[in-house]
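> Okay, here's the structure, questions in a sec.
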Amino acid sequence: MNLARRSSFLATMSPLTVTEATAGLSLSSAHSANNHKLFENFSSHAKKKSHQNPWKIGGRNNSIYNPSRRSHYSYADGPGKHSPFSDEAAMERYSKRLQTWDERGFTVGIGGPVGSGKTALVLALIKRLASKTNTTTTTGEEYPPLAVVTNDIFTQEDAQFLWKNQDVLSSDYIKAVETGGCPHAAIREDVSANLTACEDLTRYLQKTKSKSAAGADAPSSSLPPLILCESGGDNLAANFSSELADLTLYVIDVAGGDKVPRKGGPGITQSDLLVINKIDLADAVGADLGVMRRDADRMRSSGSKEEEDGVAHSHDHDHNTAAPTSGPTVFASVKNETALDDIEEYILDKYRKAVALSSS
């Protein structure tokens with residue numbers, strides 16, 4: 001309202017109303033002045049804090065320093081003397097495990113967004129691993145018995161897909177969990193349904209150990225089970241609780257665009273192995289695999305200092321004292337069997353080291 005119209009408006013009002021209106025204007029001015037004073041006090045406080053804070057107030061380098069505050073770059077176990085991707089860090093996790101391997105088999109959590117290829121990867125691993133149960137490698141190492149847990153919200157779609165599309169693992173060893181809600185809740189906040197499924201499968205496999213004369217439908221290996229636990233499709237913030245998964249794989253795909261790795265989130269930054277699937281589609285969708293490699297290494301870096309607009313920035317917000325390293329990333333095409341050997345060997349290597357620790 002301009003000054004002339006405001007004067008005309010006040011002239012038409014009763015004296016009492018004019019007094020109330022002017023009082024309201026004075027009160028509004030007082031609020032404004034008070035807010036301005038509060039802002040000055042906050043700015044002064046922020047300036048003082050900036051001298052104590054290794055990161056500047058506001059802007060790209062985060063907020064007021066607080067070691068207990070976590071960002072999406074943080075690792076679940078907090079500060080430590082080992083790189084979060086090292087064997088030593090994994091052994092520390094295993095030592096805190098509540099169940100023995102014979103109570104719940106070595107559990108591999110496989111997560112990722114909808115349509116990234118998680119179920120296809122699980123199917124490929126079933127065909128490779130289940131057919132080798134009760135056999136040994138060329139170096140005499142035995143292959144473990146295999147079981148699978150799938151997660152869907154309202155159906156058993158993924159489990160049914162696995163039942164129908166392979167003939168090396170009986171449906172008895174593939175258990176479906178219906179989460180009834182967001183998939184991340186069943187692998188992170190309340191893992192009880194998945195824990196129960198893994199424990200049930202482990203007990204079932206233990207019962208078959210004595211059936212040495214049984215065929216492929218009843219694995220007789222003396223080793224603890226290897227359990228693949230596939231999450232329902234979810235967002236980049238979804239990663240497995242360490243209470244459920246002993247090893248985590250996170251699957252994204254090229255069709256989502258080459259920007260996905262740099263979006264971060266616990267699935268990208270904290271998974272033990274990041275699988276970038278469908279590399280055969282890179283040209284079709286205009287994705288640059290070199291950019292994805294660079295960004296994946298950067299986002300999965302622990303402790304490395306990088307220059308961002310001339311400012312050194314660390315992605316290790318937990319102040320890990322270990323030497324900088326980047327978590328492993330595999331570029332794969334599950335459909336074309338590209339890099340499946342690498343993924344299989346990675347899982348078996350981690351499994352064998354974990355089992356060896358428990359027997360030492």
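Ordering of the structure tokens sets the chain letters (A, B, ...), residue numbers begin anew at 1 in every chain, and ligands are numbered from 1 in the order given.
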Could you pull out the strand (DSSP E or B) residues of segment 133-209 of chain A from DSSP and send them as a PyMOL selection string?
chain A and resi 136+142+146-152+174-178
> Would you mind listing what lies within 6 Å of Ala176 of chain A as a VMD selection string, with only C-alpha atoms counted and same-chain residues fewer than 4 positions away left out?
chain A and resid 149 to 150 156 159
> Among the residues of segment 116-313 of chain A, find those DSSP assigns to helix (DSSP H, G or I) from the backbone and print them as a ChimeraX atom specification.
/A:118-132,157-164,171-173,183-189,192-208,254-256,261-263,266-270,279-285,289-299
> Just the number, please: distance in Å from atom CA of Ser131 of chain A to atom CA of Tyr143 of chain A, one decimal.
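Between atom CA of Ser131 of chain A and atom CA of Tyr143 of chain A the gap works out to 9.5 Å.
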> Within 8 Å of Phe331 of chain A, counting only C-alpha atoms, which residues qualify if same-chain residues fewer than 3 places away don't, as a PyMOL selection string?
chain A and resi 275-277+279+339
> Restrict the selected residues to N, CA and C atoms and save them as an mmCIF file, in the first residue's frame.

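Now in result-v7.cif:
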data_model
loop_
_atom_site.group_PDB
_atom_site.id
_atom_site.type_symbol
_atom_site.label_atom_id
_atom_site.label_comp_id
_atom_site.auth_asym_id
_atom_site.auth_seq_id
_atom_site.Cartn_x
_atom_site.Cartn_y
_atom_site.Cartn_z
ATOM 1 N N VAL A 275 28.926 -52.215 -7.489
ATOM 2 C CA VAL A 275 28.811 -52.829 -8.812
ATOM 3 C C VAL A 275 28.063 -51.859 -9.727
ATOM 4 N N ILE A 276 28.721 -51.413 -10.781
ATOM 5 C CA ILE A 276 28.077 -50.552 -11.776
ATOM 6 C C ILE A 276 27.708 -51.447 -12.956
ATOM 7 N N ASN A 277 26.433 -51.733 -13.068
ATOM 8 C CA ASN A 277 25.927 -52.735 -14.008
ATOM 9 C C ASN A 277 25.474 -52.104 -15.329
ATOM 10 N N ILE A 279 26.964 -51.931 -18.318
ATOM 11 C CA ILE A 279 27.916 -51.067 -19.026
ATOM 12 C C ILE A 279 27.756 -51.166 -20.532
ATOM 13 N N ALA A 339 32.511 -59.415 -15.915
ATOM 14 C CA ALA A 339 32.995 -59.169 -14.542
ATOM 15 C C ALA A 339 32.344 -60.070 -13.504
#
> Given the choices A:Gln99, A:Ser222, A:Ser301, A:Gln160, which gets closest to Arg262 of chain A if the distance is worked out from only C-alpha atoms?
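Result for the nearest residue to Arg262 of chain A: A:Ser301.
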> Nearest to Thr248 of chain A: which of A:Gln270, A:Thr325, A:Thr133, A:Gly115 is it, counting only C-alpha atoms?
A:Gln270
> Tell me, in Å to one decimal, how far atom CA of Thr139 of chain A is from atom CA of Arg352 of chain A.
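Atom CA of Thr139 of chain A sits 13.2 Å away from atom CA of Arg352 of chain A.
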> Using atom CA of Asn239 of chain A and atom CA of Asp342 of chain A as the two end points, give the distance in Å to one decimal.
21.7 Å
